[in-house]
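Have a look at entry.pdb; it's PDB, C-alpha atoms and all ligand atoms:
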```
ATOM      1  CA  MET A   1     121.561 109.338  99.619  1.00  0.00           C
ATOM      2  CA  SER A   2     122.708 110.792  96.289  1.00  0.00           C
ATOM      3  CA  LYS A   3     120.486 112.070  93.533  1.00  0.00           C
ATOM      4  CA  LEU A   4     120.084 109.692  90.571  1.00  0.00           C
ATOM      5  CA  SER A   5     120.901 110.894  87.043  1.00  0.00           C
ATOM      6  CA  GLU A   6     118.053 111.526  84.619  1.00  0.00           C
ATOM      7  CA  GLN A   7     119.277 108.542  82.601  1.00  0.00           C
ATOM      8  CA  ASP A   8     119.181 106.238  85.661  1.00  0.00           C
ATOM      9  CA  ILE A   9     115.705 107.473  86.559  1.00  0.00           C
ATOM     10  CA  GLU A  10     114.332 106.847  83.056  1.00  0.00           C
ATOM     11  CA  LYS A  11     115.880 103.363  83.079  1.00  0.00           C
ATOM     12  CA  ARG A  12     114.322 102.508  86.432  1.00  0.00           C
ATOM     13  CA  LEU A  13     110.963 103.926  85.346  1.00  0.00           C
ATOM     14  CA  LEU A  14     110.706 101.172  82.718  1.00  0.00           C
ATOM     15  CA  HIS A  15     109.670  98.968  85.664  1.00  0.00           C
ATOM     16  CA  PHE A  16     107.175 101.573  86.931  1.00  0.00           C
ATOM     17  CA  PRO A  17     104.716 102.232  84.092  1.00  0.00           C
ATOM     18  CA  ASP A  18     102.377 104.261  86.319  1.00  0.00           C
ATOM     19  CA  TRP A  19     105.100 106.812  87.046  1.00  0.00           C
ATOM     20  CA  ASP A  20     106.599 109.753  85.104  1.00  0.00           C
ATOM     21  CA  TYR A  21     109.644 111.877  85.774  1.00  0.00           C
ATOM     22  CA  TYR A  22     109.571 115.672  85.581  1.00  0.00           C
ATOM     23  CA  ASP A  23     110.343 118.663  87.831  1.00  0.00           C
ATOM     24  CA  ASN A  24     112.961 116.658  89.786  1.00  0.00           C
ATOM     25  CA  ALA A  25     110.365 114.155  91.066  1.00  0.00           C
ATOM     26  CA  ILE A  26     108.487 111.033  90.006  1.00  0.00           C
ATOM     27  CA  HIS A  27     104.719 111.344  89.758  1.00  0.00           C
ATOM     28  CA  ALA A  28     101.720 109.000  89.557  1.00  0.00           C
ATOM     29  CA  GLU A  29      97.959 109.270  89.724  1.00  0.00           C
ATOM     30  CA  PHE A  30      95.741 106.411  90.938  1.00  0.00           C
ATOM     31  CA  GLU A  31      91.994 106.099  90.570  1.00  0.00           C
ATOM     32  CA  PHE A  32      89.915 104.047  93.004  1.00  0.00           C
ATOM     33  CA  GLU A  33      86.313 102.896  93.111  1.00  0.00           C
ATOM     34  CA  ASN A  34      85.359 105.551  95.670  1.00  0.00           C
ATOM     35  CA  PHE A  35      86.730 107.782  98.446  1.00  0.00           C
ATOM     36  CA  LYS A  36      86.725 104.989 101.025  1.00  0.00           C
ATOM     37  CA  ASP A  37      89.015 102.752  98.933  1.00  0.00           C
ATOM     38  CA  CYS A  38      91.258 105.699  98.131  1.00  0.00           C
ATOM     39  CA  PHE A  39      91.621 106.802 101.733  1.00  0.00           C
ATOM     40  CA  SER A  40      92.126 103.227 102.885  1.00  0.00           C
ATOM     41  CA  ALA A  41      95.067 102.914 100.461  1.00  0.00           C
ATOM     42  CA  MET A  42      96.414 106.256 101.723  1.00  0.00           C
ATOM     43  CA  SER A  43      96.320 104.968 105.322  1.00  0.00           C
ATOM     44  CA  ARG A  44      98.240 101.852 104.370  1.00  0.00           C
ATOM     45  CA  ILE A  45     100.750 103.918 102.390  1.00  0.00           C
ATOM     46  CA  ALA A  46     101.183 106.219 105.399  1.00  0.00           C
ATOM     47  CA  PHE A  47     102.356 103.298 107.554  1.00  0.00           C
ATOM     48  CA  GLU A  48     104.900 102.307 104.878  1.00  0.00           C
ATOM     49  CA  CYS A  49     106.145 105.901 104.781  1.00  0.00           C
ATOM     50  CA  GLU A  50     106.738 105.841 108.501  1.00  0.00           C
ATOM     51  CA  ALA A  51     108.531 102.491 108.260  1.00  0.00           C
ATOM     52  CA  LEU A  52     110.775 103.836 105.457  1.00  0.00           C
ATOM     53  CA  ASN A  53     111.057 107.312 107.002  1.00  0.00           C
ATOM     54  CA  HIS A  54     110.276 108.738 103.579  1.00  0.00           C
ATOM     55  CA  HIS A  55     107.169 110.748 102.795  1.00  0.00           C
ATOM     56  CA  PRO A  56     105.240 111.692  99.663  1.00  0.00           C
ATOM     57  CA  ASP A  57     103.884 114.992  98.437  1.00  0.00           C
ATOM     58  CA  TRP A  58     100.346 113.896  97.719  1.00  0.00           C
ATOM     59  CA  SER A  59      96.786 115.053  97.288  1.00  0.00           C
ATOM     60  CA  ASN A  60      93.408 113.405  97.141  1.00  0.00           C
ATOM     61  CA  THR A  61      90.212 114.426  95.372  1.00  0.00           C
ATOM     62  CA  TYR A  62      87.347 111.993  96.072  1.00  0.00           C
ATOM     63  CA  ASN A  63      88.592 108.749  94.426  1.00  0.00           C
ATOM     64  CA  ILE A  64      91.803 110.138  92.916  1.00  0.00           C
ATOM     65  CA  LEU A  65      95.193 109.985  94.622  1.00  0.00           C
ATOM     66  CA  THR A  66      98.011 112.092  93.149  1.00  0.00           C
ATOM     67  CA  ILE A  67     101.532 111.379  94.380  1.00  0.00           C
ATOM     68  CA  SER A  68     104.920 113.010  93.815  1.00  0.00           C
ATOM     69  CA  LEU A  69     108.088 111.511  95.234  1.00  0.00           C
ATOM     70  CA  SER A  70     111.442 113.215  95.650  1.00  0.00           C
ATOM     71  CA  THR A  71     114.160 113.328  98.266  1.00  0.00           C
ATOM     72  CA  HIS A  72     114.177 116.843  99.645  1.00  0.00           C
ATOM     73  CA  ASP A  73     117.676 116.531 101.101  1.00  0.00           C
ATOM     74  CA  ALA A  74     119.089 115.505  97.685  1.00  0.00           C
ATOM     75  CA  LYS A  75     116.897 117.962  95.723  1.00  0.00           C
ATOM     76  CA  GLY A  76     115.954 115.172  93.341  1.00  0.00           C
ATOM     77  CA  VAL A  77     115.077 111.511  92.969  1.00  0.00           C
ATOM     78  CA  THR A  78     117.030 108.843  94.882  1.00  0.00           C
ATOM     79  CA  ASN A  79     116.706 105.115  95.543  1.00  0.00           C
ATOM     80  CA  LYS A  80     114.523 105.987  98.537  1.00  0.00           C
ATOM     81  CA  ASP A  81     111.867 107.307  96.146  1.00  0.00           C
ATOM     82  CA  PHE A  82     111.910 104.085  94.148  1.00  0.00           C
ATOM     83  CA  LYS A  83     111.683 102.023  97.345  1.00  0.00           C
ATOM     84  CA  LEU A  84     108.598 103.978  98.369  1.00  0.00           C
ATOM     85  CA  ALA A  85     107.129 103.815  94.825  1.00  0.00           C
ATOM     86  CA  GLU A  86     107.519 100.022  94.972  1.00  0.00           C
ATOM     87  CA  ALA A  87     105.717  99.885  98.324  1.00  0.00           C
ATOM     88  CA  ILE A  88     102.947 102.123  96.970  1.00  0.00           C
ATOM     89  CA  GLU A  89     102.544  99.888  93.897  1.00  0.00           C
ATOM     90  CA  SER A  90     102.183  96.799  96.072  1.00  0.00           C
ATOM     91  CA  ILE A  91      99.396  98.537  98.000  1.00  0.00           C
ATOM     92  CA  VAL A  92      97.430 100.083  95.139  1.00  0.00           C
ATOM     93  CA  GLU A  93      97.984  97.358  92.510  1.00  0.00           C
ATOM     94  CA  PRO A  94      98.009  94.130  94.552  1.00  0.00           C
ATOM     95  CA  ASP A  95      97.043  92.004  91.514  1.00  0.00           C
ATOM     96  CA  GLU A  96     100.017  92.982  89.379  1.00  0.00           C
ATOM     97  CA  GLU A  97     103.235  90.899  89.077  1.00  0.00           C
TER      98      GLU A  97
HETATM   99  N1  LIG A 101     110.739 112.452 102.853  1.00  0.00           N
HETATM  100  C1  LIG A 101     111.118 112.866 101.654  1.00  0.00           C
HETATM  101  N2  LIG A 101     110.318 112.655 100.593  1.00  0.00           N
HETATM  102  N3  LIG A 101     112.305 113.480 101.469  1.00  0.00           N
HETATM  103  C2  LIG A 101     113.149 113.713 102.476  1.00  0.00           C
HETATM  104  O1  LIG A 101     114.255 114.257 102.273  1.00  0.00           O
HETATM  105  C3  LIG A 101     112.757 113.274 103.774  1.00  0.00           C
HETATM  106  C4  LIG A 101     111.493 112.645 103.916  1.00  0.00           C
HETATM  107  N4  LIG A 101     113.539 113.439 104.826  1.00  0.00           N
HETATM  108  N5  LIG A 101     111.065 112.247 105.123  1.00  0.00           N
HETATM  109  C5  LIG A 101     113.268 112.844 106.096  1.00  0.00           C
HETATM  110  C6  LIG A 101     111.815 112.533 106.344  1.00  0.00           C
HETATM  111  C7  LIG A 101     113.897 113.708 107.154  1.00  0.00           C
HETATM  112  O2  LIG A 101     113.250 114.948 107.271  1.00  0.00           O
HETATM  113  C8  LIG A 101     113.979 113.043 108.517  1.00  0.00           C
HETATM  114  C9  LIG A 101     114.556 113.959 109.553  1.00  0.00           C
HETATM  115  O3  LIG A 101     114.742 111.883 108.404  1.00  0.00           O
END
```

As structure tokens - that is how I would like this structure written.
Amino acid sequence: MSKLSEQDIEKRLLHFPDWDYYDNAIHAEFEFENFKDCFSAMSRIAFECEALNHHPDWSNTYNILTISLSTHDAKGVTNKDFKLAEAIESIVEPDEE
């Protein structure tokens, strides 16, 4: 999977308003009602990661989930990261679209 150009990434990010590109990765932060809702979303995301065989760098503080996506093998952002970002969006923002 080849690394996308900065221009391609910025273009694709127009469809992902929660996400920003810097430091060779795309990043988002999600706020939930409480820890339980946050961790529940993380569990569901974890199953998607396994299905896609692609895994986030992430951290959680109480009701906040911080996620960075990059493809380690490509040392940058690839289509795999956008596929996972899409799956994450459909879990954390089920009302959108
Ligand atoms: N996740 C991410 N984010 N980047 C990778 O390059 C990657 C991964 N590689 N998950 C996968 C697993 C690789 O280690 C396995 C062996 O396919």

Within-12 Å residues of ligand LIG 101 (chain A), basis all atoms listed in the file, as number ranges by chain: A: 1-3, 24-26, 46, 48-58, 67-85

So, counting all atoms listed in the file, which residue among A:Asp8, A:Tyr22, A:Leu65, A:Leu14 is closest to A:Asp37?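 Of A:Asp8, A:Tyr22, A:Leu65, A:Leu14, the one nearest A:Asp37, counting all atoms listed in the file, is A:Leu65.
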
Mind giving me the axis-aligned box for stretch 54-61 of chain A with 8 Å on every side, centre plus edges in Å to one decimal, as lines of an AutoDock Vina configuration file?
```
center_x = 100.2
center_y = 111.9
center_z = 99.5
size_x = 36.1
size_y = 22.3
size_z = 24.2
```

Length of the atom CA of A:Phe30 to atom CA of A:Leu13 vector [Å]: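 Taking atom CA of A:Phe30 as the start and atom CA of A:Leu13 as the end point, the length is 16.4 Å.
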
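Taking all atoms listed in the file into account, A:Asn34 lies nearest to A:Ile64 out of the set A:Ile64, A:Val92, A:Leu4, A:Ile9.
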
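Restricting the calculation to all atoms listed in the file, the smallest distance between A:His27 and any of A:Ser40, A:Gln7, A:Thr66, A:Asn60 is found for A:Thr66.
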
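Proximity ranking of A:Glu93, A:Asn63, A:Ser43, A:Glu6 relative to A:Asp20 places A:Glu6 first, based on all atoms listed in the file.
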
So how many Å separate atom CA of A:Pro17 and atom CA of A:Thr61, to one decimal?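 Computing the Euclidean distance for atom CA of A:Pro17 and atom CA of A:Thr61 yields 22.1 Å.
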
Using atom CA of A:Glu86 and atom CA of A:Phe16 as the two end points, give the distance in Å to one decimal. 8.2 Å

Which is closer to A:Met42 than all the others in A:Arg12, A:Trp19, A:Ser5, A:Ser59, using all atoms listed in the file? A:Ser59

Pop stretch 81-93 of chain A out of the structure in the block and write N, CA, C and O atoms as a PDB file, in the first residue's frame.
```
ATOM      1  N   ASP A  81      -5.766   3.858   6.002  1.00  0.00           N
ATOM      2  CA  ASP A  81      -6.083   4.773   7.098  1.00  0.00           C
ATOM      3  C   ASP A  81      -7.453   5.418   6.873  1.00  0.00           C
ATOM      4  O   ASP A  81      -8.222   5.592   7.811  1.00  0.00           O
ATOM      5  N   PHE A  82      -7.751   5.742   5.616  1.00  0.00           N
ATOM      6  CA  PHE A  82      -9.055   6.338   5.340  1.00  0.00           C
ATOM      7  C   PHE A  82     -10.179   5.307   5.485  1.00  0.00           C
ATOM      8  O   PHE A  82     -11.280   5.645   5.917  1.00  0.00           O
ATOM      9  N   LYS A  83      -9.901   4.071   5.149  1.00  0.00           N
ATOM     10  CA  LYS A  83     -10.896   3.002   5.342  1.00  0.00           C
ATOM     11  C   LYS A  83     -11.227   2.857   6.827  1.00  0.00           C
ATOM     12  O   LYS A  83     -12.393   2.742   7.221  1.00  0.00           O
ATOM     13  N   LEU A  84     -10.186   2.871   7.656  1.00  0.00           N
ATOM     14  CA  LEU A  84     -10.398   2.746   9.093  1.00  0.00           C
ATOM     15  C   LEU A  84     -11.077   4.008   9.651  1.00  0.00           C
ATOM     16  O   LEU A  84     -11.992   3.910  10.484  1.00  0.00           O
ATOM     17  N   ALA A  85     -10.672   5.186   9.162  1.00  0.00           N
ATOM     18  CA  ALA A  85     -11.303   6.439   9.621  1.00  0.00           C
ATOM     19  C   ALA A  85     -12.806   6.412   9.312  1.00  0.00           C
ATOM     20  O   ALA A  85     -13.632   6.829  10.132  1.00  0.00           O
ATOM     21  N   GLU A  86     -13.157   5.880   8.150  1.00  0.00           N
ATOM     22  CA  GLU A  86     -14.563   5.780   7.752  1.00  0.00           C
ATOM     23  C   GLU A  86     -15.319   4.856   8.713  1.00  0.00           C
ATOM     24  O   GLU A  86     -16.430   5.175   9.151  1.00  0.00           O
ATOM     25  N   ALA A  87     -14.699   3.728   9.038  1.00  0.00           N
ATOM     26  CA  ALA A  87     -15.326   2.783   9.973  1.00  0.00           C
ATOM     27  C   ALA A  87     -15.489   3.426  11.354  1.00  0.00           C
ATOM     28  O   ALA A  87     -16.532   3.280  12.005  1.00  0.00           O
ATOM     29  N   ILE A  88     -14.474   4.168  11.780  1.00  0.00           N
ATOM     30  CA  ILE A  88     -14.528   4.835  13.082  1.00  0.00           C
ATOM     31  C   ILE A  88     -15.659   5.871  13.087  1.00  0.00           C
ATOM     32  O   ILE A  88     -16.446   5.948  14.029  1.00  0.00           O
ATOM     33  N   GLU A  89     -15.767   6.639  12.009  1.00  0.00           N
ATOM     34  CA  GLU A  89     -16.836   7.645  11.907  1.00  0.00           C
ATOM     35  C   GLU A  89     -18.215   6.989  12.023  1.00  0.00           C
ATOM     36  O   GLU A  89     -19.109   7.532  12.666  1.00  0.00           O
ATOM     37  N   SER A  90     -18.377   5.835  11.383  1.00  0.00           N
ATOM     38  CA  SER A  90     -19.703   5.209  11.403  1.00  0.00           C
ATOM     39  C   SER A  90     -20.029   4.644  12.791  1.00  0.00           C
ATOM     40  O   SER A  90     -21.189   4.429  13.112  1.00  0.00           O
ATOM     41  N   ILE A  91     -19.011   4.456  13.611  1.00  0.00           N
ATOM     42  CA  ILE A  91     -19.241   3.992  14.982  1.00  0.00           C
ATOM     43  C   ILE A  91     -19.478   5.167  15.929  1.00  0.00           C
ATOM     44  O   ILE A  91     -20.423   5.146  16.715  1.00  0.00           O
ATOM     45  N   VAL A  92     -18.663   6.202  15.815  1.00  0.00           N
ATOM     46  CA  VAL A  92     -18.784   7.304  16.789  1.00  0.00           C
ATOM     47  C   VAL A  92     -19.820   8.351  16.405  1.00  0.00           C
ATOM     48  O   VAL A  92     -20.317   9.070  17.270  1.00  0.00           O
ATOM     49  N   GLU A  93     -20.139   8.451  15.103  1.00  0.00           N
ATOM     50  CA  GLU A  93     -21.113   9.461  14.652  1.00  0.00           C
ATOM     51  C   GLU A  93     -22.223   8.769  13.864  1.00  0.00           C
ATOM     52  O   GLU A  93     -22.419   9.069  12.683  1.00  0.00           O
TER      53      GLU A  93
END
```
